[in-house]
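Notes to accompany the following structure.
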Amino acid sequence: MFPGRMPLSPPGPAGPDPELELAFIERPIRRSLKTAEEIDQLTVDEDLNDIERAIYLLSVGQEVQKACIISNLPTLVRQNPAETFRRVVPKVREVLTGAAPEIQLAAATSLLTILQDDIILIHTHTFSILKTVLLHMNHRDPVVSGAWLETLLLAIDALPKDTIRQEVLNPLLYQSQLSQSVQGRLTSCRILGKVACKFDSLMVKTELVPLARSLCQDPESEVRVCMCRQMEIIARAVGVDDTRTKVLPELAELAGDEESSVRVAAFDSIINLMEMLDSEDRLNVLVPMVMAVCDGSSQVDEAVMLSLSFQFGKLCSGLAGFLSDEQKCVLLQKFRVLCVSGLPTEGNPADGTKSALIRSNCCYNLPAMVVFVESIHFLSDLYLPFSSLCSDPEVSVRQSAASSFHQVVKLLGSNVYLVHKELLSLLQDEALEVLDALSNQLDETLEVVLSRGENLTLDNKLSELLSALLSAEQKVGSSLRWRLHEKLLQRYRCLARLLPGQLLHQSLCPRIFIILTTNKVLPVQKEAARTFCTFLRYNRKQEQRQEMMERLFRDLAQGHSYWNRLRFLDVCEVAAEVFSRKYFSKHLVIPALELVHDPVANVRYKLCQLLPQLRSSLRLPADKLLLQKLDLCVQKFLCEEKDKDVVATIRKTVLELDKLDLTEPFHKRHDWDFLDQKKEKEEMLLLEMEHLERQQNEGIRIPNNHTERKRKEMRRSKLSRSRSLSSQPPTSKPVHSEKSQKVKDLGCSSGLGKSSTMSTKDDSVRAAHFTLTTQSTSSMPVLICSNTTSLLDRASILDQKDHRIRTLDHRTSNMDHRNNMMEYRTSNLDQRDFRTSILDQRDFRTSNLDQRDFRTSILDQREHRTSTLDKRDFRTSISDQREHRTSTLGQRSKTMDHGYGTSDSQSKKLSINRKPSSFQSGRD
């Protein structure tokens with residue numbers, strides 16, 4: 001049935017042996033990494049509490065379990081301090097006897113945490129903890145003993161003074177004796193310097209200073225070096241007077257020690273105490289010591305030179321007032337020697353690492369040396385060593401020079417052109433570490449260099465600087481250091497306000513756009529977008545801005561690759577932060593919303609995420625059409641979108657859009673609204689500056705007459721006023737109650753007929769609008785037009801307009817009521833006699849005159865706000881005469897039978913009263 005079995009592998013010498021394969025498959029596989037016995041040893045009863053489990057593991061557990069329990073000791077103390085100190089801590093002390101270094105290090109860390117932590121009953125058990133620390137501080141392993149010593153030194157800050165005096169200082173007196181080991185005496189030096197700051201100066205002077213002076217005379221140089229380092233702390237504890245009499249003589253003696261390490265330690269301590277020395281000590285002690293070290297005839301070892309190079313700037317600053325001209329020349333000559341220390345010469349090769357460290361220290365002290373020699377002498381005294389350090393063969397030295405370069409150029413001031421070549425060399429350095437150090441403060445450096453650009457322009461050095469900046473960016477862009485690339489693009493943004501827009505448009509903008517469209521790193525893309533938008537915002541040429549925007553739309557928004565269209569949305573996201581809302585909504589909202597028809601789901605997904613930011617840039621009623629387009633875009637997403645991720649995103653976006661209020665009142669505005677107003681004012685100022693520059697360029701070709709020059713001077717004054725206004729925070733404009741009161745008085749002083757009420761209301765509204773517009777334009781800055789006022793000014797104007805229109809409506813309703821009463825009475829007169837109708841016709845003509853007078857008075861009132869009280873009294877008298885006329889109509893109707901002469905005389909009287917009113921209003 002089965003004629004043959006297929007072999008596991010083809011026959012031949014190259015194939016594996018089938019029997020070996022079967023043996024490998026049949027071999028038992030170990031399913032666990034631990035045996036049953038090991039698992040039993042690591043198993044702990046679950047019914048035990050934390051304290052009992054810790055005691056059990058410290059007694060019979062393995063090393064890793066003991067180390068774990070000791071590491072968790074602070075947690076046990078916080079949970080149950082009494083039981084932990086009574087039962088667990090004694091077990092820990094038993095385990096530490098002869099324990100492995102890992103357990104010792106874990107115990108040192110845990111006990112330090114307990115000493116520094118504010119735990120209940122800690123002061124009761126401090127003695128037991130300190131006893132354990134002091135017991136293991138002399139461990140035979142130097143790593144373990146050092147860990148216990150650091151535990152004690154850090155715990156001294158948390159211990160009370162009595163405990164330090166009893167438990168720390170008493171063993172210290174015993175360990176500082178010569179009969180003890182060197183390690184014990186070094187420990188005494190460290191503890192002595194640490195406890196000096198815990199006690200008063202009298203106690204330090206009487207008890208600690210004698211012990212410190214004895215350790216300064218120790219036969220072991222290592223002990224003397226350690227004590228020299230601690231003498232600085234003791235000197236600050238005892239004060240200025242005792243430092244001069246007790247500490248400084250010891251340090252001066254150690255400065256002449258036979259061991260170079262002791263001399264270096266004493267030299268460093270004296271320089272660090274220089275601010276505590278008076279003029280006499282500086283002149284008699286410190287200056288001779290420094291001159292002895294700087295003397296070229298004496299042989300000084302490399303360790304002292306290393307310390308001197310690090311402290312050189314501090315020495316020169318502290319001793320500047322105590323040095324003669326000859327001594328200053330000696331110090332300068334020594335600094336020049338240190339700047340070229342170890343460099344290869346014709347007969348000598350380069351020295352080792354210490355020489356490079358000396359030159360790096362000289363780079364660190366360059367700013368202090370510029371202050372020491374003053375900037376006017378920089379060329380003669382410091383330029384050559386500075387140039388040598390900037391072109392040093394060691395990368396670390398050039399990196400140090402680049403780190404301090406911005407401080408040097410700030411101190412040089414107007415002489416900054418002297419270091420132009422060194423700036424170019426550092427920008428074009430082959431090592432990216434140098435460029436990284438220079439780019440940390442590159443914006444400050446460029447600001448100083450370009451703000452004093454007269455020499456750059458005259459010597460044609462500006463093009464060289466731009467070429468160096470471009471080459472540096474290209475070098476970084478071709479490497480894998482994308483963080484450095486991002487930082488460099490961020491520093492280049494300062495060029496937008498330092499260089500002309502024409503130069504940036506020709507040199508840097510094309511390169512930034514290439515980065516934006518070709519770089520694959522997202523942080524670099526966003527930084528390039530921000531830099532591009534900054535260059536676009538500060539460019540004062542309308543043609544260049546239009547060209548940049550067209551290229552942005554053509555290559556990104558309408559690009560063939562969906563990747564470029566995604567980059568356009570990233571640019572919109574950044575531009576919303578750089579530009580004002582007005583500029584952003586005018587130029588970028590519509591191209592972004594057109595991507596709703598994009599065939600790629602990722603682009604639509606990105607647009608959905610950007611919709612809340614687009615809508616927050618709109619303000620009603622100015623952006624009503626844009627808001628309709630945005631709503632249509634949302635409806636298209638909700639109705640036609642098929643991609644599930646886009647659908648989920650648009651649903652979340654709709655909820656966010658509903659929370660946005662585009663008609664937010666003034667008192668609810670946030671800080672970013674005022675920031676947006678400031679941005680808008682800056683953009684308006686940039687446009688005005690562009691206009692002024694264009695006028696100035698045209699004025700070069702056209703001869704200026706007196707009127708043209710006067711007009712330009714007025715524009716310059718307006719520009720300066722607008723700049724000062726842009727730096728001030730916007731404030732709301734108060735509503736003048738007196739002006740509204742005048743309008744109220746004027747409105748109440750007229751009683752018109754019903755036929756003329758509506759036209760009077762419309763005319764009054766127009767007059768109010770005209771008056772408000774005139775007032776708003778007169779109260780704004782002169783440079784800004786009335787149709788481009790800020791949001792704050794518009795809000796205040798609308799509030800005033802609404803208030804006055806409501807007031808006029810109320811007054812008009814009152815006049816309607818009065819006119820109704822007049823019509824009722826006049827109708828009775830019409831029924832009685834034809835002559836009464838003639839009077840009504842005359843009254844109607846008079847009311848027309850009154851209507852014209854009322855319109856004229858409103859215009860005169862709002863155009864001339866400074867009307868006098870006499871005019872208001874005169875108008876009040878006119879209104880009284882009108883009320884008297886309406887009140888006497890009833891009487892005239894009753895006395896009609898007496899003859900027509902009376903009515904004629906009354907009508908003449910009314911016409912005579914109307915004529916002076918119309919004449920007066922026309923004259924006004």
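Letters A, B, ... go to the chains of the structure tokens in the order shown; residues in each chain start at 1; ligands are counted from 1 in the same order.
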Please identify which residues in segment 406-613 of chain A DSSP calls alpha helix (DSSP H) from the backbone, and express them as a ChimeraX atom specification.
-> /A:406-412,420-427,432-439,442-451,454-458,462-477,482-492,501-518,522-538,542-552,562-578,581-587,589-593,601-613
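As for atom CA of Val476 of chain A and atom CA of Leu488 of chain A, they are spaced 8.6 Å apart.
Excluding segment 384-388 of chain A itself and any same-chain residue fewer than 5 positions from it, the protein and nucleic acid residues within 9 Å of it, counting only C-alpha atoms, are Phe335, Arg336, Val337, Cys339, Val340, Cys363, Leu366, Leu379, Ala401, Val419, Lys421 and Glu422 of chain A.
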Can you tell me, as number ranges by chain, what residues are no more than 8 Å from Ala155 of chain A when counting only C-alpha atoms, ignoring any on the same chain fewer than 6 positions away?
-> A: 112, 115-116
Output the selection as an mmCIF file, in the first residue's frame - C-alpha atoms for each residue.
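This went into selection05.cif:
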data_model
loop_
_atom_site.group_PDB
_atom_site.id
_atom_site.type_symbol
_atom_site.label_atom_id
_atom_site.label_comp_id
_atom_site.auth_asym_id
_atom_site.auth_seq_id
_atom_site.Cartn_x
_atom_site.Cartn_y
_atom_site.Cartn_z
ATOM 1 C CA LEU A 112 19.932 57.991 53.618
ATOM 2 C CA LEU A 115 17.317 60.116 57.433
ATOM 3 C CA GLN A 116 16.260 62.758 54.895
#
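For the set A:Leu593, A:Leu254, A:Cys226, A:Ile191, the residue with the smallest atom-to-atom gap to Gln628 of chain A is A:Leu593, counting only C-alpha atoms.
Minimum distance to Val578 of chain A across A:Gln428, A:Gln441, A:Thr534, A:Ser617 (counting only C-alpha atoms) occurs at A:Thr534.
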Pick out the residues sitting within 12 Å of Gly342 of chain A, and hand them over as a PyMOL selection string; count only C-alpha atoms, and ignore anything fewer than 2 positions along from it in its own chain.
-> chain A and resi 302+305-306+337-340+344-345+348-360+392-394
Selection near Tyr583 of chain A, 9 Å with only C-alpha atoms, sequence-local residues under 5 positions removed, as a VMD selection string | chain A and resid 588 680 683
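Distance annotation: of A:Glu258, A:Glu473, A:Asp631, A:Glu464, the residue with the minimal separation from Arg224 of chain A is A:Glu258; atom set is only C-alpha atoms.
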Which residues come within 9 Å of segment 654-661 of chain A, counting only C-alpha atoms, excluding same-chain residues fewer than 3 positions away, as a PDB file with C-alpha atoms, in the first residue's frame?
ATOM      1  CA  LEU A 611     -11.070  73.130  10.644  1.00  0.00           C
ATOM      2  CA  PRO A 612     -11.389  74.440  14.256  1.00  0.00           C
ATOM      3  CA  ARG A 615     -12.979  78.797  12.045  1.00  0.00           C
ATOM      4  CA  SER A 616     -11.418  80.479  15.075  1.00  0.00           C
ATOM      5  CA  VAL A 634     -18.321  70.494   6.815  1.00  0.00           C
ATOM      6  CA  THR A 649     -12.549  62.878  12.791  1.00  0.00           C
ATOM      7  CA  ILE A 650     -15.194  65.167  11.280  1.00  0.00           C
ATOM      8  CA  ARG A 651     -17.691  64.103  13.924  1.00  0.00           C
ATOM      9  CA  GLU A 664     -17.758  87.010  21.364  1.00  0.00           C
TER      10      GLU A 664
END
